[in-house]
file query.cif (mmCIF, C-alpha atoms and all ligand atoms; chains and numbers go by the auth columns)
data_entry
loop_
_atom_site.group_PDB
_atom_site.id
_atom_site.type_symbol
_atom_site.label_atom_id
_atom_site.label_comp_id
_atom_site.label_asym_id
_atom_site.label_seq_id
_atom_site.Cartn_x
_atom_site.Cartn_y
_atom_site.Cartn_z
_atom_site.B_iso_or_equiv
_atom_site.auth_seq_id
_atom_site.auth_asym_id
ATOM 1 C CA MET A 1 0.000 0.000 0.000 0.00 1222 A
ATOM 2 C CA ARG A 2 1.202 3.511 -0.843 0.00 1223 A
ATOM 3 C CA VAL A 3 0.598 5.929 2.040 0.00 1224 A
ATOM 4 C CA GLN A 4 0.935 9.697 2.078 0.00 1225 A
ATOM 5 C CA VAL A 5 -0.072 12.190 4.777 0.00 1226 A
ATOM 6 C CA LEU A 6 -1.699 15.608 4.453 0.00 1227 A
ATOM 7 C CA ARG A 7 -1.601 17.945 7.391 0.00 1228 A
ATOM 8 C CA ILE A 8 -4.076 20.810 7.335 0.00 1229 A
ATOM 9 C CA GLY A 9 -3.226 24.021 9.200 0.00 1230 A
ATOM 10 C CA HIS A 10 -0.280 25.219 11.219 0.00 1231 A
ATOM 11 C CA ARG A 11 -0.452 27.328 14.344 0.00 1232 A
ATOM 12 C CA LEU A 12 2.638 29.528 14.329 0.00 1233 A
ATOM 13 C CA VAL A 13 5.155 29.206 17.181 0.00 1234 A
ATOM 14 C CA ARG A 14 3.184 26.559 19.112 0.00 1235 A
ATOM 15 C CA ASP A 15 3.571 24.214 16.199 0.00 1236 A
ATOM 16 C CA ASP A 16 7.246 24.329 15.233 0.00 1237 A
ATOM 17 C CA ARG A 17 8.232 21.131 17.031 0.00 1238 A
ATOM 18 C CA VAL A 18 4.857 19.487 16.572 0.00 1239 A
ATOM 19 C CA THR A 19 5.108 20.066 12.822 0.00 1240 A
ATOM 20 C CA THR A 20 8.527 18.452 12.602 0.00 1241 A
ATOM 21 C CA HIS A 21 7.290 15.535 14.694 0.00 1242 A
ATOM 22 C CA ALA A 22 4.265 14.998 12.422 0.00 1243 A
ATOM 23 C CA ALA A 23 6.686 14.647 9.497 0.00 1244 A
ATOM 24 C CA LEU A 24 9.125 12.390 11.376 0.00 1245 A
ATOM 25 C CA VAL A 25 6.328 10.105 12.573 0.00 1246 A
ATOM 26 C CA SER A 26 4.972 9.878 9.014 0.00 1247 A
ATOM 27 C CA ARG A 27 8.438 8.873 7.804 0.00 1248 A
ATOM 28 C CA ALA A 28 9.220 6.418 10.603 0.00 1249 A
ATOM 29 C CA PHE A 29 5.807 4.735 10.434 0.00 1250 A
ATOM 30 C CA GLY A 30 5.813 4.051 6.720 0.00 1251 A
ATOM 31 C CA ALA A 31 4.388 6.998 4.784 0.00 1252 A
ATOM 32 C CA GLU A 32 6.381 8.052 1.719 0.00 1253 A
ATOM 33 C CA LYS A 33 5.395 11.727 1.770 0.00 1254 A
ATOM 34 C CA ILE A 34 3.767 14.485 3.803 0.00 1255 A
ATOM 35 C CA TYR A 35 2.089 17.607 2.442 0.00 1256 A
ATOM 36 C CA MET A 36 1.997 20.583 4.779 0.00 1257 A
ATOM 37 C CA THR A 37 0.430 23.997 4.612 0.00 1258 A
ATOM 38 C CA GLY A 38 1.802 27.257 6.013 0.00 1259 A
ATOM 39 C CA ILE A 39 5.124 25.995 7.356 0.00 1260 A
ATOM 40 C CA ASP A 40 8.610 27.378 7.341 0.00 1261 A
ATOM 41 C CA GLN A 41 11.253 26.066 4.916 0.00 1262 A
ATOM 42 C CA SER A 42 13.430 25.233 7.958 0.00 1263 A
ATOM 43 C CA VAL A 43 11.071 22.372 8.890 0.00 1264 A
ATOM 44 C CA LYS A 44 11.657 20.842 5.462 0.00 1265 A
ATOM 45 C CA GLU A 45 15.418 21.250 5.864 0.00 1266 A
ATOM 46 C CA THR A 46 15.325 19.464 9.244 0.00 1267 A
ATOM 47 C CA VAL A 47 13.290 16.560 7.855 0.00 1268 A
ATOM 48 C CA ASP A 48 15.468 16.255 4.724 0.00 1269 A
ATOM 49 C CA ALA A 49 18.587 16.182 6.943 0.00 1270 A
ATOM 50 C CA VAL A 50 17.115 13.299 8.975 0.00 1271 A
ATOM 51 C CA GLY A 51 16.535 11.386 5.727 0.00 1272 A
ATOM 52 C CA LYS A 52 20.142 11.893 4.615 0.00 1273 A
ATOM 53 C CA ARG A 53 21.452 10.704 7.965 0.00 1274 A
ATOM 54 C CA TRP A 54 19.114 7.781 8.573 0.00 1275 A
ATOM 55 C CA GLY A 55 18.131 6.714 5.048 0.00 1276 A
ATOM 56 C CA GLY A 56 14.918 5.840 3.268 0.00 1277 A
ATOM 57 C CA ARG A 57 12.938 7.894 0.799 0.00 1278 A
ATOM 58 C CA PHE A 58 10.669 10.481 2.309 0.00 1279 A
ATOM 59 C CA GLU A 59 9.493 13.781 0.941 0.00 1280 A
ATOM 60 C CA LEU A 60 7.985 16.838 2.593 0.00 1281 A
ATOM 61 C CA GLU A 61 6.121 19.122 0.194 0.00 1282 A
ATOM 62 C CA ILE A 62 4.951 22.568 1.263 0.00 1283 A
ATOM 63 C CA ILE A 63 1.610 23.334 -0.377 0.00 1284 A
ATOM 64 C CA ASP A 64 -0.803 26.286 -0.534 0.00 1285 A
ATOM 65 C CA ASP A 65 -4.060 24.542 -1.283 0.00 1286 A
ATOM 66 C CA TRP A 66 -4.817 21.281 0.575 0.00 1287 A
ATOM 67 C CA LYS A 67 -8.140 20.782 -1.255 0.00 1288 A
ATOM 68 C CA LYS A 68 -6.331 20.701 -4.584 0.00 1289 A
ATOM 69 C CA VAL A 69 -4.030 17.921 -3.307 0.00 1290 A
ATOM 70 C CA ALA A 70 -6.920 15.912 -1.834 0.00 1291 A
ATOM 71 C CA ARG A 71 -9.071 16.229 -4.974 0.00 1292 A
ATOM 72 C CA ALA A 72 -6.179 15.266 -7.282 0.00 1293 A
ATOM 73 C CA TRP A 73 -5.506 12.213 -5.070 0.00 1294 A
ATOM 74 C CA LYS A 74 -9.126 11.081 -5.405 0.00 1295 A
ATOM 75 C CA LYS A 75 -9.166 11.796 -9.137 0.00 1296 A
ATOM 76 C CA ASP A 76 -6.209 9.397 -9.507 0.00 1297 A
ATOM 77 C CA GLY A 77 -8.210 6.682 -7.748 0.00 1298 A
ATOM 78 C CA GLY A 78 -6.715 7.064 -4.247 0.00 1299 A
ATOM 79 C CA LYS A 79 -8.723 6.942 -1.028 0.00 1300 A
ATOM 80 C CA ILE A 80 -8.680 9.319 1.920 0.00 1301 A
ATOM 81 C CA ALA A 81 -8.732 8.518 5.639 0.00 1302 A
ATOM 82 C CA HIS A 82 -9.282 11.603 7.815 0.00 1303 A
ATOM 83 C CA LEU A 83 -8.316 11.180 11.466 0.00 1304 A
ATOM 84 C CA THR A 84 -10.829 12.785 13.800 0.00 1305 A
ATOM 85 C CA MET A 85 -12.212 11.994 17.251 0.00 1306 A
ATOM 86 C CA TYR A 86 -15.714 12.178 15.715 0.00 1307 A
ATOM 87 C CA GLY A 87 -15.085 9.343 13.258 0.00 1308 A
ATOM 88 C CA VAL A 88 -15.601 5.579 13.316 0.00 1309 A
ATOM 89 C CA ASN A 89 -13.386 3.751 15.813 0.00 1310 A
ATOM 90 C CA VAL A 90 -10.132 2.611 14.188 0.00 1311 A
ATOM 91 C CA ASN A 91 -10.744 -0.903 15.556 0.00 1312 A
ATOM 92 C CA ASP A 92 -13.868 -1.152 13.401 0.00 1313 A
ATOM 93 C CA ALA A 93 -12.519 0.625 10.318 0.00 1314 A
ATOM 94 C CA ILE A 94 -8.981 -0.685 9.875 0.00 1315 A
ATOM 95 C CA SER A 95 -9.554 -4.051 8.183 0.00 1316 A
ATOM 96 C CA LYS A 96 -11.438 -2.412 5.304 0.00 1317 A
ATOM 97 C CA ILE A 97 -8.895 0.416 4.982 0.00 1318 A
ATOM 98 C CA ARG A 98 -6.014 -2.099 4.817 0.00 1319 A
ATOM 99 C CA LYS A 99 -7.411 -3.364 1.511 0.00 1320 A
ATOM 100 C CA GLU A 100 -6.928 0.003 -0.210 0.00 1321 A
ATOM 101 C CA LYS A 101 -4.028 0.554 -2.607 0.00 1322 A
ATOM 102 C CA ASP A 102 -3.283 4.273 -2.273 0.00 1323 A
ATOM 103 C CA LEU A 103 -4.181 6.041 0.949 0.00 1324 A
ATOM 104 C CA LEU A 104 -3.955 9.719 1.874 0.00 1325 A
ATOM 105 C CA VAL A 105 -4.169 10.228 5.647 0.00 1326 A
ATOM 106 C CA ILE A 106 -5.447 13.673 6.648 0.00 1327 A
ATOM 107 C CA ILE A 107 -4.626 15.115 10.063 0.00 1328 A
ATOM 108 C CA GLY A 108 -5.399 18.578 11.411 0.00 1329 A
ATOM 109 C CA ALA A 109 -3.383 21.058 13.432 0.00 1330 A
ATOM 110 C CA GLU A 110 -6.493 22.962 14.471 0.00 1331 A
ATOM 111 C CA LYS A 111 -10.206 22.907 13.646 0.00 1332 A
ATOM 112 C CA VAL A 112 -10.488 21.065 10.342 0.00 1333 A
ATOM 113 C CA PRO A 113 -12.841 22.497 7.695 0.00 1334 A
ATOM 114 C CA ARG A 114 -16.066 20.615 6.918 0.00 1335 A
ATOM 115 C CA GLU A 115 -14.810 19.736 3.404 0.00 1336 A
ATOM 116 C CA ALA A 116 -12.209 17.358 4.881 0.00 1337 A
ATOM 117 C CA TYR A 117 -14.986 15.255 6.449 0.00 1338 A
ATOM 118 C CA ASP A 118 -16.876 15.250 3.140 0.00 1339 A
ATOM 119 C CA LEU A 119 -13.873 14.479 0.919 0.00 1340 A
ATOM 120 C CA ALA A 120 -12.801 11.592 3.170 0.00 1341 A
ATOM 121 C CA ASP A 121 -13.733 8.025 2.288 0.00 1342 A
ATOM 122 C CA TYR A 122 -13.152 7.160 5.943 0.00 1343 A
ATOM 123 C CA ASN A 123 -13.422 9.420 9.000 0.00 1344 A
ATOM 124 C CA VAL A 124 -11.479 7.475 11.600 0.00 1345 A
ATOM 125 C CA ALA A 125 -11.241 7.976 15.378 0.00 1346 A
ATOM 126 C CA VAL A 126 -8.330 6.733 17.435 0.00 1347 A
ATOM 127 C CA GLY A 127 -10.706 6.625 20.381 0.00 1348 A
ATOM 128 C CA SER A 128 -13.362 9.296 20.800 0.00 1349 A
ATOM 129 C CA GLN A 129 -11.394 11.519 23.166 0.00 1350 A
ATOM 130 C CA PRO A 130 -9.464 14.586 21.985 0.00 1351 A
ATOM 131 C CA HIS A 131 -5.684 14.111 21.966 0.00 1352 A
ATOM 132 C CA SER A 132 -3.029 14.851 19.380 0.00 1353 A
ATOM 133 C CA GLU A 133 -2.593 14.515 15.637 0.00 1354 A
ATOM 134 C CA ILE A 134 0.817 12.958 16.193 0.00 1355 A
ATOM 135 C CA ALA A 135 -0.482 10.285 18.554 0.00 1356 A
ATOM 136 C CA ALA A 136 -3.461 9.617 16.267 0.00 1357 A
ATOM 137 C CA LEU A 137 -1.161 9.319 13.238 0.00 1358 A
ATOM 138 C CA ALA A 138 1.294 6.982 14.966 0.00 1359 A
ATOM 139 C CA VAL A 139 -1.420 4.631 16.215 0.00 1360 A
ATOM 140 C CA PHE A 140 -3.257 4.682 12.882 0.00 1361 A
ATOM 141 C CA LEU A 141 -0.144 3.965 10.768 0.00 1362 A
ATOM 142 C CA ASP A 142 0.916 1.232 13.176 0.00 1363 A
ATOM 143 C CA ARG A 143 -2.499 -0.440 12.889 0.00 1364 A
ATOM 144 C CA LEU A 144 -2.355 -0.057 9.126 0.00 1365 A
ATOM 145 C CA SER A 145 0.876 -2.061 8.873 0.00 1366 A
ATOM 146 C CA GLY A 146 0.028 -4.360 11.785 0.00 1367 A
ATOM 147 C CA GLY A 147 3.340 -3.309 13.387 0.00 1368 A
ATOM 148 C CA ARG A 148 5.430 -4.601 10.485 0.00 1369 A
ATOM 149 C CA GLN A 149 6.597 -1.109 9.583 0.00 1370 A
ATOM 150 C CA LEU A 150 8.778 -1.098 12.704 0.00 1371 A
ATOM 151 C CA GLU A 151 10.925 -3.858 11.172 0.00 1372 A
ATOM 152 C CA LYS A 152 11.558 -2.058 7.903 0.00 1373 A
ATOM 153 C CA ALA A 153 15.118 -1.102 6.929 0.00 1374 A
ATOM 154 C CA PHE A 154 15.715 2.436 5.701 0.00 1375 A
ATOM 155 C CA GLU A 155 18.205 2.079 2.848 0.00 1376 A
ATOM 156 C CA GLY A 156 20.966 4.454 1.892 0.00 1377 A
ATOM 157 C CA GLY A 157 21.513 6.494 5.053 0.00 1378 A
ATOM 158 C CA ARG A 158 24.828 7.427 6.582 0.00 1379 A
ATOM 159 C CA LEU A 159 23.923 5.945 9.969 0.00 1380 A
ATOM 160 C CA ARG A 160 22.192 2.806 11.156 0.00 1381 A
ATOM 161 C CA VAL A 161 21.226 1.833 14.680 0.00 1382 A
ATOM 162 C CA VAL A 162 22.426 -1.555 15.838 0.00 1383 A
ATOM 163 C CA PRO A 163 19.693 -2.557 18.299 0.00 1384 A
ATOM 164 C CA SER A 164 21.143 -3.424 21.667 0.00 1385 A
ATOM 165 C CA GLU A 165 19.841 -4.078 25.138 0.00 1386 A
ATOM 166 C CA ARG A 166 22.064 -1.453 26.708 0.00 1387 A
ATOM 167 C CA GLY A 167 23.711 1.711 25.463 0.00 1388 A
ATOM 168 C CA LYS A 168 23.767 3.191 21.980 0.00 1389 A
ATOM 169 C CA ARG A 169 25.285 1.369 19.040 0.00 1390 A
ATOM 170 C CA VAL A 170 25.373 3.180 15.737 0.00 1391 A
ATOM 171 C CA GLU A 171 27.075 1.963 12.571 0.00 1392 A
ATOM 172 C CA GLU A 172 28.495 4.491 10.149 0.00 1393 A
ATOM 173 C CA ARG A 173 28.430 3.662 6.447 0.00 1394 A
HETATM 174 N N1 LIG B . -11.638 18.269 17.582 0.00 1401 B
HETATM 175 C C1 LIG B . -10.536 17.713 16.879 0.00 1401 B
HETATM 176 C C2 LIG B . -10.864 16.398 16.133 0.00 1401 B
HETATM 177 O O1 LIG B . -11.651 16.477 15.221 0.00 1401 B
HETATM 178 O O2 LIG B . -10.244 15.342 16.332 0.00 1401 B
HETATM 179 C C3 LIG B . -9.298 17.676 17.781 0.00 1401 B
HETATM 180 C C4 LIG B . -8.294 18.672 17.271 0.00 1401 B
HETATM 181 S S1 LIG B . -6.673 18.176 17.618 0.00 1401 B
HETATM 182 C C5 LIG B . -6.047 19.669 18.308 0.00 1401 B
HETATM 183 C C6 LIG B . -5.847 18.175 16.069 0.00 1401 B
HETATM 184 C C7 LIG B . -5.953 16.913 15.265 0.00 1401 B
HETATM 185 O O3 LIG B . -5.626 15.795 16.075 0.00 1401 B
HETATM 186 C C8 LIG B . -7.295 16.589 14.682 0.00 1401 B
HETATM 187 O O4 LIG B . -7.560 17.341 13.509 0.00 1401 B
HETATM 188 C C9 LIG B . -7.152 15.102 14.395 0.00 1401 B
HETATM 189 O O5 LIG B . -6.519 14.864 13.152 0.00 1401 B
HETATM 190 C C10 LIG B . -6.243 14.636 15.525 0.00 1401 B
HETATM 191 N N2 LIG B . -6.958 13.964 16.617 0.00 1401 B
HETATM 192 C C11 LIG B . -7.083 14.376 17.885 0.00 1401 B
HETATM 193 N N3 LIG B . -7.754 13.478 18.618 0.00 1401 B
HETATM 194 C C12 LIG B . -8.069 12.463 17.783 0.00 1401 B
HETATM 195 C C13 LIG B . -8.758 11.210 17.960 0.00 1401 B
HETATM 196 N N4 LIG B . -9.276 10.844 19.112 0.00 1401 B
HETATM 197 N N5 LIG B . -8.853 10.404 16.882 0.00 1401 B
HETATM 198 C C14 LIG B . -8.318 10.743 15.681 0.00 1401 B
HETATM 199 N N6 LIG B . -7.673 11.906 15.476 0.00 1401 B
HETATM 200 C C15 LIG B . -7.534 12.753 16.504 0.00 1401 B
#
call {"tool": "encode", "arguments": {"input": "query.cif", "output": "structure tokens", "more": "lines below"}}
Ligand code: SAM
result
Amino acid sequence: MRVQVLRIGHRLVRDDRVTTHAALVSRAFGAEKIYMTGIDQSVKETVDAVGKRWGGRFELEIIDDWKKVARAWKKDGGKIAHLTMYGVNVNDAISKIRKEKDLLVIIGAEKVPREAYDLADYNVAVGSQPHSEIAALAVFLDRLSGGRQLEKAFEGGRLRVVPSERGKRVEER
């Protein structure tokens, strides 16, 4: 399955770290790309630098118009899962979503416009309590891959962690 993430909105200052984390979680949990609105170029530079160091292929694209991206995705035959506390519980929705081929996962940084709910093929809740787009994204992507994503190797980086019970082991290539 091909997975990309679209994050709608960005609250200046409060969101600098949160924004970077949304991108890093997308990358680490198996998405190939994140689209973001209203962010600083420095966030992209940070995320690109992580990719160079730790490998894999991941792209952050800064966009102006999220609706254009979402509509183009659907026009190409892709499906959309919008993460919201008001949606259907992920436990009930995930087996159907896993059968899709191309999936765009929408998360919000603030109140998400009505159109996102309407454009979505699935409105999915990671529980019906308010929490965080990063937590919702991590749990959703983990459920999507059934945990297998955590075993994936990221090819081509300069550094690789050698898992160990104690301490830090890092291999340089
Ligand atoms: N009222 C919002 C909602 O619809 O989920 C909570 C806003 S929260 C500050 C920002 C984003 O976190 C939301 O747009 C949504 O993507 C995500 N989020 C928060 N809680 C969630 C939950 N329980 N399930 C799925 N997504 C959630």
call {"tool": "residues_near_point", "arguments": {"input": "query.cif", "point": "(1.8, 23.5, 1.8)", "cutoff": "10 Å", "atoms": "only C-alpha atoms", "output": "list in words"}}
result
Leu1227, Arg1228, Ile1229, Gly1230, His1231, Ile1255, Tyr1256, Met1257, Thr1258, Gly1259, Ile1260, Asp1261, Leu1281, Glu1282, Ile1283, Ile1284, Asp1285, Asp1286, Trp1287 and Val1290 of chain A
call {"tool": "residues_near_ligand", "arguments": {"input": "query.cif", "ligand": "ligand LIG 1401 (chain B)", "cutoff": "7 Å", "atoms": "only C-alpha atoms and all ligand atoms", "output": "tab-separated table (two decimals) with C-alpha atoms, in the frame of the given file"}}
result
chain	number	residue	atom	x	y	z
A	1303	HIS	CA	-9.28	11.60	7.82
A	1304	LEU	CA	-8.32	11.18	11.47
A	1305	THR	CA	-10.83	12.78	13.80
A	1306	MET	CA	-12.21	11.99	17.25
A	1307	TYR	CA	-15.71	12.18	15.72
A	1327	ILE	CA	-5.45	13.67	6.65
A	1328	ILE	CA	-4.63	15.12	10.06
A	1329	GLY	CA	-5.40	18.58	11.41
A	1330	ALA	CA	-3.38	21.06	13.43
A	1331	GLU	CA	-6.49	22.96	14.47
A	1332	LYS	CA	-10.21	22.91	13.65
A	1333	VAL	CA	-10.49	21.06	10.34
A	1345	VAL	CA	-11.48	7.48	11.60
A	1346	ALA	CA	-11.24	7.98	15.38
A	1347	VAL	CA	-8.33	6.73	17.43
A	1348	GLY	CA	-10.71	6.62	20.38
A	1349	SER	CA	-13.36	9.30	20.80
A	1350	GLN	CA	-11.39	11.52	23.17
A	1351	PRO	CA	-9.46	14.59	21.98
A	1352	HIS	CA	-5.68	14.11	21.97
A	1353	SER	CA	-3.03	14.85	19.38
A	1354	GLU	CA	-2.59	14.52	15.64
A	1357	ALA	CA	-3.46	9.62	16.27
call {"tool": "atom_distance", "arguments": {"input": "query.cif", "atom1": "CA of Asp1342 (chain A)", "atom2": "CA of Ala1302 (chain A)"}}
result
6.0 Å
call {"tool": "residues_near_point", "arguments": {"input": "query.cif", "point": "(-7.5, 7.9, -4.8)", "cutoff": "12 Å", "atoms": "all atoms listed in the file", "output": "VMD selection string"}}
result
chain A and resid 1222 to 1225 1290 to 1302 1321 to 1326 1340 to 1342
call {"tool": "write_last_selection", "arguments": {"input": "query.cif", "atoms": "C-alpha atoms", "output": "CSV table (one decimal), in the coordinates of the input"}}
result
chain,number,residue,atom,x,y,z
A,1222,MET,CA,0.0,0.0,0.0
A,1223,ARG,CA,1.2,3.5,-0.8
A,1224,VAL,CA,0.6,5.9,2.0
A,1225,GLN,CA,0.9,9.7,2.1
A,1290,VAL,CA,-4.0,17.9,-3.3
A,1291,ALA,CA,-6.9,15.9,-1.8
A,1292,ARG,CA,-9.1,16.2,-5.0
A,1293,ALA,CA,-6.2,15.3,-7.3
A,1294,TRP,CA,-5.5,12.2,-5.1
A,1295,LYS,CA,-9.1,11.1,-5.4
A,1296,LYS,CA,-9.2,11.8,-9.1
A,1297,ASP,CA,-6.2,9.4,-9.5
A,1298,GLY,CA,-8.2,6.7,-7.7
A,1299,GLY,CA,-6.7,7.1,-4.2
A,1300,LYS,CA,-8.7,6.9,-1.0
A,1301,ILE,CA,-8.7,9.3,1.9
A,1302,ALA,CA,-8.7,8.5,5.6
A,1321,GLU,CA,-6.9,0.0,-0.2
A,1322,LYS,CA,-4.0,0.6,-2.6
A,1323,ASP,CA,-3.3,4.3,-2.3
A,1324,LEU,CA,-4.2,6.0,0.9
A,1325,LEU,CA,-4.0,9.7,1.9
A,1326,VAL,CA,-4.2,10.2,5.6
A,1340,LEU,CA,-13.9,14.5,0.9
A,1341,ALA,CA,-12.8,11.6,3.2
A,1342,ASP,CA,-13.7,8.0,2.3
call {"tool": "closest_atom_pairs", "arguments": {"input": "query.cif", "of": "region 1298-1393 of chain A", "to": "region 1236-1250 of chain A", "cutoff": "9 Å", "atoms": "all atoms listed in the file", "output": "CSV"}}
result
residue,atom,partner,partner_atom,distance
A:Ala1330,CA,A:Asp1236,CA,8.1
A:Glu1354,CA,A:Ala1243,CA,7.6
A:Ile1355,CA,A:Ala1243,CA,5.5
A:Leu1358,CA,A:Ser1247,CA,7.5
A:Ala1359,CA,A:Val1246,CA,6.4
A:Leu1362,CA,A:Phe1250,CA,6.0
A:Asp1363,CA,A:Phe1250,CA,6.6
A:Ser1366,CA,A:Phe1250,CA,8.5
A:Gly1368,CA,A:Phe1250,CA,8.9
A:Gln1370,CA,A:Phe1250,CA,6.0
A:Leu1371,CA,A:Phe1250,CA,6.9
call {"tool": "closest_residue", "arguments": {"input": "query.cif", "among": "A:Arg1390, A:Arg1278, A:Lys1289, A:Lys1373", "to": "Glu1336 (chain A)", "atoms": "only C-alpha atoms"}}
result
A:Lys1289
call {"tool": "closest_residue", "arguments": {"input": "query.cif", "among": "A:Val1309, A:Val1271, A:Ile1315, A:Val1360", "to": "Phe1375 (chain A)", "atoms": "only C-alpha atoms"}}
result
A:Val1271
